[in-house]
Amino acid sequence: MIRFDEVSKTYSRKARPALESISLEILKGEFVFLVGASGSGKSTLIRMVLREERPTSGEVHVLGQRLQALPSRRVPFFRRNLGVVFQDFRLLHNKTVYENVAFTLQVIGKSRGFISEAVPDVLKIVGLAGKASRLPHELSGGEQQRVAIARAVVNRPPILLADEPTGNLDPSTSAGIMALLARINEGGTTVVMATHEASIVDSMQKRVVELDAGRIMRDEASGSYRRQLAAYDDEDQDADEGAEVRA
Ligand SMILES: Nc1ncnc2c1ncn2[C@@H]1O[C@H](COP(=O)(O)OP(=O)(O)OP(=O)(O)O)[C@@H](O)[C@H]1O
């Protein structure tokens with residue numbers, strides 16, 4: 001689904017690389033958390049999947065396509081396969097909930113008949129069936145994020161990318177958004193989500209890829225926000241525990 005082969009990205013020659021020799025494979029149907037300190041490269045990695053950024057070296061493959069080989073004119077078509085959700089929702093403020101979701105389908109040329117079925121269906125899935133004619137400012141933050149998710153998945157993309165989707169929400173609203181993302185994932189959509197929120201990662205027990213200064217320092221199939229100490233039986237245990245407490 002998504003493959004990074006030795007990918008490095010340096011934004012400017014003076015800066016240290018934002019990503020350094022990243023090799024990573026994400027399979028169909030996985031739910032993957034990207035975690036790591038601010039500036040560790042999570043958003044850069046997501047932008048590379050979208051082909052908003054290109055690697056300085058290495059190769060990115062998404063849905064069987066080598067992105068470096070993709071001509072610019074084909075990028076918009078390629079992006080139809082990717083739903084994207086951000087921390088700040090990015091809704092069209094002068095359009096209703098219905099229109100926000102329908103707009104995505106209009107842009108890609110879907111028929112009126114298709115739109116009039118698909119939009120109510122997806123609004124039901126995200127729990128907003130009764131709020132189709134509201135404007136974004138008439139909704140709570142959690143509801144606005146549900147509209148953004150509806151818009152991202154209405155065309156049933158195989159991949160959903162979420163960059164800190166709960167960053168502006170309180171914990172109970174975030175839990176609802178996570179339940180929704182989990183349900184979308186159970187429907188077969190591959191989900192890649194960058195987050196700083198330990199409690200969310202800990203509660204889901206999904207794959208965790210941790211970045212540190214542009215490198216992968218941990219990739220666990222079912223992990224927590226922080227590395228869990230293994231039950232060592234050698235004498236290094238005390239030293240390791242000390243390091244963990246300081247971290
Ligand atoms: N467009 C850009 N131009 C120059 N440098 C950039 C650009 N975008 C990111 N960087 C740098 O690349 C590094 C990684 O940034 P990135 O935004 O990918 O990290 P992040 O893990 O998503 O951080 P955060 O959690 O704060 O969103 C940082 O050092 C950042 O300053």
# chains A, B, ... in the order shown; residues from 1 in each chain; ligands from 1
$ residues_around --residues "Ile2 (chain A)" --least-positions-apart "4" --cutoff "9 Å" --atoms "only C-alpha atoms" --output "list in words"
Leu24, Glu25, Ile26, Leu27, Lys28, Val49, Val60, His61, Val62, Leu63 and Gly64 of chain A
$ select_by_dssp --residues "region 34-239 of chain A" --states "strand (DSSP E)" --output "number ranges by chain"
A: 34-35, 57-62, 65-66, 82-86, 159-163, 190-194, 207-212, 215-220
$ write_last_selection --atoms "C-alpha atoms" --output "PDB file, in the first residue's frame"
ATOM      1  CA  LEU A  34       3.116   7.917  13.746  1.00  0.00           C
ATOM      2  CA  VAL A  35       4.463   9.292  16.983  1.00  0.00           C
ATOM      3  CA  SER A  57      16.873  10.537  -2.009  1.00  0.00           C
ATOM      4  CA  GLY A  58      15.163   7.174  -1.837  1.00  0.00           C
ATOM      5  CA  GLU A  59      11.826   6.057  -3.230  1.00  0.00           C
ATOM      6  CA  VAL A  60       8.197   6.282  -2.162  1.00  0.00           C
ATOM      7  CA  HIS A  61       5.621   3.837  -3.556  1.00  0.00           C
ATOM      8  CA  VAL A  62       1.917   4.322  -2.883  1.00  0.00           C
ATOM      9  CA  GLN A  65       2.917   3.668  -8.026  1.00  0.00           C
ATOM     10  CA  ARG A  66       6.442   4.982  -7.775  1.00  0.00           C
ATOM     11  CA  LEU A  82      -6.109   9.414  -0.413  1.00  0.00           C
ATOM     12  CA  GLY A  83      -8.455  10.863   2.173  1.00  0.00           C
ATOM     13  CA  VAL A  84      -6.809  13.483   4.371  1.00  0.00           C
ATOM     14  CA  VAL A  85      -7.811  14.939   7.739  1.00  0.00           C
ATOM     15  CA  PHE A  86      -5.975  17.707   9.602  1.00  0.00           C
ATOM     16  CA  ILE A 159      -5.961   5.164   2.380  1.00  0.00           C
ATOM     17  CA  LEU A 160      -6.886   7.741   5.037  1.00  0.00           C
ATOM     18  CA  LEU A 161      -4.118  10.035   6.301  1.00  0.00           C
ATOM     19  CA  ALA A 162      -4.791  11.925   9.518  1.00  0.00           C
ATOM     20  CA  ASP A 163      -2.341  14.535  10.831  1.00  0.00           C
ATOM     21  CA  THR A 190      -5.722   1.766   5.648  1.00  0.00           C
ATOM     22  CA  VAL A 191      -5.319   4.519   8.263  1.00  0.00           C
ATOM     23  CA  VAL A 192      -2.097   6.399   9.017  1.00  0.00           C
ATOM     24  CA  MET A 193      -2.413   8.867  11.886  1.00  0.00           C
ATOM     25  CA  ALA A 194       0.191  11.228  13.347  1.00  0.00           C
ATOM     26  CA  ARG A 207       0.973  -0.476  15.134  1.00  0.00           C
ATOM     27  CA  VAL A 208       3.207   2.345  16.345  1.00  0.00           C
ATOM     28  CA  VAL A 209       6.031   3.873  14.303  1.00  0.00           C
ATOM     29  CA  GLU A 210       8.099   6.284  16.382  1.00  0.00           C
ATOM     30  CA  LEU A 211      10.247   8.915  14.704  1.00  0.00           C
ATOM     31  CA  ASP A 212      13.139  10.675  16.373  1.00  0.00           C
ATOM     32  CA  ARG A 215      14.717   8.359  11.869  1.00  0.00           C
ATOM     33  CA  ILE A 216      12.536   5.414  12.790  1.00  0.00           C
ATOM     34  CA  MET A 217      13.499   4.489  16.320  1.00  0.00           C
ATOM     35  CA  ARG A 218      10.671   2.021  16.957  1.00  0.00           C
ATOM     36  CA  ASP A 219       8.148   0.070  14.898  1.00  0.00           C
ATOM     37  CA  GLU A 220       5.861  -2.143  16.955  1.00  0.00           C
TER      38      GLU A 220
END
$ residues_around --residues "Leu169 (chain A)" --least-positions-apart "3" --cutoff "8 Å" --atoms "only C-alpha atoms" --output "list in words"
Gly141, Gly142, Thr166, Thr173 and Ser174 of chain A
$ residues_near_ligand --ligand "ligand 1" --cutoff "8 Å" --atoms "only C-alpha atoms and all ligand atoms" --output "ChimeraX atom specification"
/A:10-12,15-19,35-45,163-164,194-196,211,213-214
$ write_last_selection --atoms "C-alpha atoms" --output "PDB file, in the first residue's frame"
ATOM      1  CA  THR A  10      16.403  17.728   3.467  1.00  0.00           C
ATOM      2  CA  TYR A  11      14.432  20.953   3.140  1.00  0.00           C
ATOM      3  CA  SER A  12      17.429  23.247   3.007  1.00  0.00           C
ATOM      4  CA  ALA A  15      19.234  22.241   8.009  1.00  0.00           C
ATOM      5  CA  ARG A  16      19.531  18.699   9.290  1.00  0.00           C
ATOM      6  CA  PRO A  17      17.425  16.192   7.339  1.00  0.00           C
ATOM      7  CA  ALA A  18      13.712  16.131   8.240  1.00  0.00           C
ATOM      8  CA  LEU A  19      13.730  12.421   7.341  1.00  0.00           C
ATOM      9  CA  VAL A  35       4.463   9.292  16.983  1.00  0.00           C
ATOM     10  CA  GLY A  36       7.493  11.359  17.958  1.00  0.00           C
ATOM     11  CA  ALA A  37       8.436  14.749  19.310  1.00  0.00           C
ATOM     12  CA  SER A  38       7.540  17.945  17.521  1.00  0.00           C
ATOM     13  CA  GLY A  39       9.807  18.264  14.480  1.00  0.00           C
ATOM     14  CA  SER A  40      10.612  14.544  14.296  1.00  0.00           C
ATOM     15  CA  GLY A  41       9.237  14.302  10.747  1.00  0.00           C
ATOM     16  CA  LYS A  42       5.684  12.957  11.057  1.00  0.00           C
ATOM     17  CA  SER A  43       4.027  15.587   8.853  1.00  0.00           C
ATOM     18  CA  THR A  44       6.840  15.381   6.316  1.00  0.00           C
ATOM     19  CA  LEU A  45       6.261  11.638   6.035  1.00  0.00           C
ATOM     20  CA  ASP A 163      -2.341  14.535  10.831  1.00  0.00           C
ATOM     21  CA  GLU A 164      -3.163  15.159  14.518  1.00  0.00           C
ATOM     22  CA  ALA A 194       0.191  11.228  13.347  1.00  0.00           C
ATOM     23  CA  THR A 195      -0.463  12.114  16.971  1.00  0.00           C
ATOM     24  CA  HIS A 196       1.036  13.455  20.186  1.00  0.00           C
ATOM     25  CA  LEU A 211      10.247   8.915  14.704  1.00  0.00           C
ATOM     26  CA  ALA A 213      14.932  13.443  14.479  1.00  0.00           C
ATOM     27  CA  GLY A 214      13.845  11.983  11.155  1.00  0.00           C
TER      28      GLY A 214
END
$ atom_distance --atom1 "CA of Glu20 (chain A)" --atom2 "CA of Val32 (chain A)"
19.5 Å
$ atom_distance --atom1 "CA of Arg73 (chain A)" --atom2 "CA of Asn94 (chain A)"
29.3 Å
$ select_by_dssp --residues "region 1-237 of chain A" --states "alpha helix (DSSP H)" --output "number ranges by chain"
A: 42-49, 75-79, 97-107, 112-125, 141-153, 171-186, 198-204, 237
$ closest_residue --among "A:Pro158, A:Tyr225, A:Asn100, A:Arg47" --to "Glu186 (chain A)" --atoms "only C-alpha atoms"
A:Pro158
$ atom_distance --atom1 "CA of Gln145 (chain A)" --atom2 "CA of Phe114 (chain A)"
23.3 Å
$ residues_around --residues "Leu105 (chain A)" --least-positions-apart "6" --cutoff "10 Å" --atoms "only C-alpha atoms" --output "PyMOL selection string"
chain A and resi 80+99+111-112+114-115+118-119+151+154-155
$ write_last_selection --atoms "C-alpha atoms" --output "mmCIF file, in the first residue's frame"
data_model
loop_
_atom_site.group_PDB
_atom_site.id
_atom_site.type_symbol
_atom_site.label_atom_id
_atom_site.label_comp_id
_atom_site.auth_asym_id
_atom_site.auth_seq_id
_atom_site.Cartn_x
_atom_site.Cartn_y
_atom_site.Cartn_z
ATOM 1 C CA ARG A 80 -8.281 10.824 -5.209
ATOM 2 C CA GLU A 99 -22.173 21.079 0.612
ATOM 3 C CA SER A 111 -22.967 12.681 -11.066
ATOM 4 C CA ARG A 112 -25.740 14.417 -9.147
ATOM 5 C CA PHE A 114 -24.246 9.600 -7.051
ATOM 6 C CA ILE A 115 -23.744 12.657 -4.839
ATOM 7 C CA ALA A 118 -23.276 9.139 -1.176
ATOM 8 C CA VAL A 119 -23.443 12.315 0.946
ATOM 9 C CA ARG A 151 -15.425 14.556 3.247
ATOM 10 C CA VAL A 154 -16.994 9.872 0.930
ATOM 11 C CA ASN A 155 -15.241 8.658 -2.205
#
$ closest_residue --among "A:Asn81, A:Arg54, A:Phe33, A:Leu180" --to "Ile200 (chain A)" --atoms "only C-alpha atoms"
A:Phe33
$ residues_around --residues "region 146-149 of chain A" --least-positions-apart "2" --cutoff "6 Å" --atoms "only C-alpha atoms" --output "PyMOL selection string"
chain A and resi 89+126+143-144+151-152
$ write_last_selection --atoms "C-alpha atoms" --output "PDB file, in the first residue's frame"
ATOM      1  CA  PHE A  89     -10.566  20.664  10.033  1.00  0.00           C
ATOM      2  CA  VAL A 126     -20.155   9.905  10.937  1.00  0.00           C
ATOM      3  CA  GLU A 143     -18.717  17.701  14.778  1.00  0.00           C
ATOM      4  CA  GLN A 144     -16.550  19.792  12.461  1.00  0.00           C
ATOM      5  CA  ARG A 151     -15.425  14.556   3.247  1.00  0.00           C
ATOM      6  CA  ALA A 152     -12.206  12.532   3.350  1.00  0.00           C
TER       7      ALA A 152
END
$ closest_residue --among "A:Val7, A:Tyr98, A:Gly176, A:Ile46" --to "Ser116 (chain A)" --atoms "only C-alpha atoms"
A:Tyr98
$ residues_around --residues "Ser72 (chain A)" --least-positions-apart "5" --cutoff "12 Å" --atoms "only C-alpha atoms" --output "PyMOL selection string"
chain A and resi 51-54+67+77-79
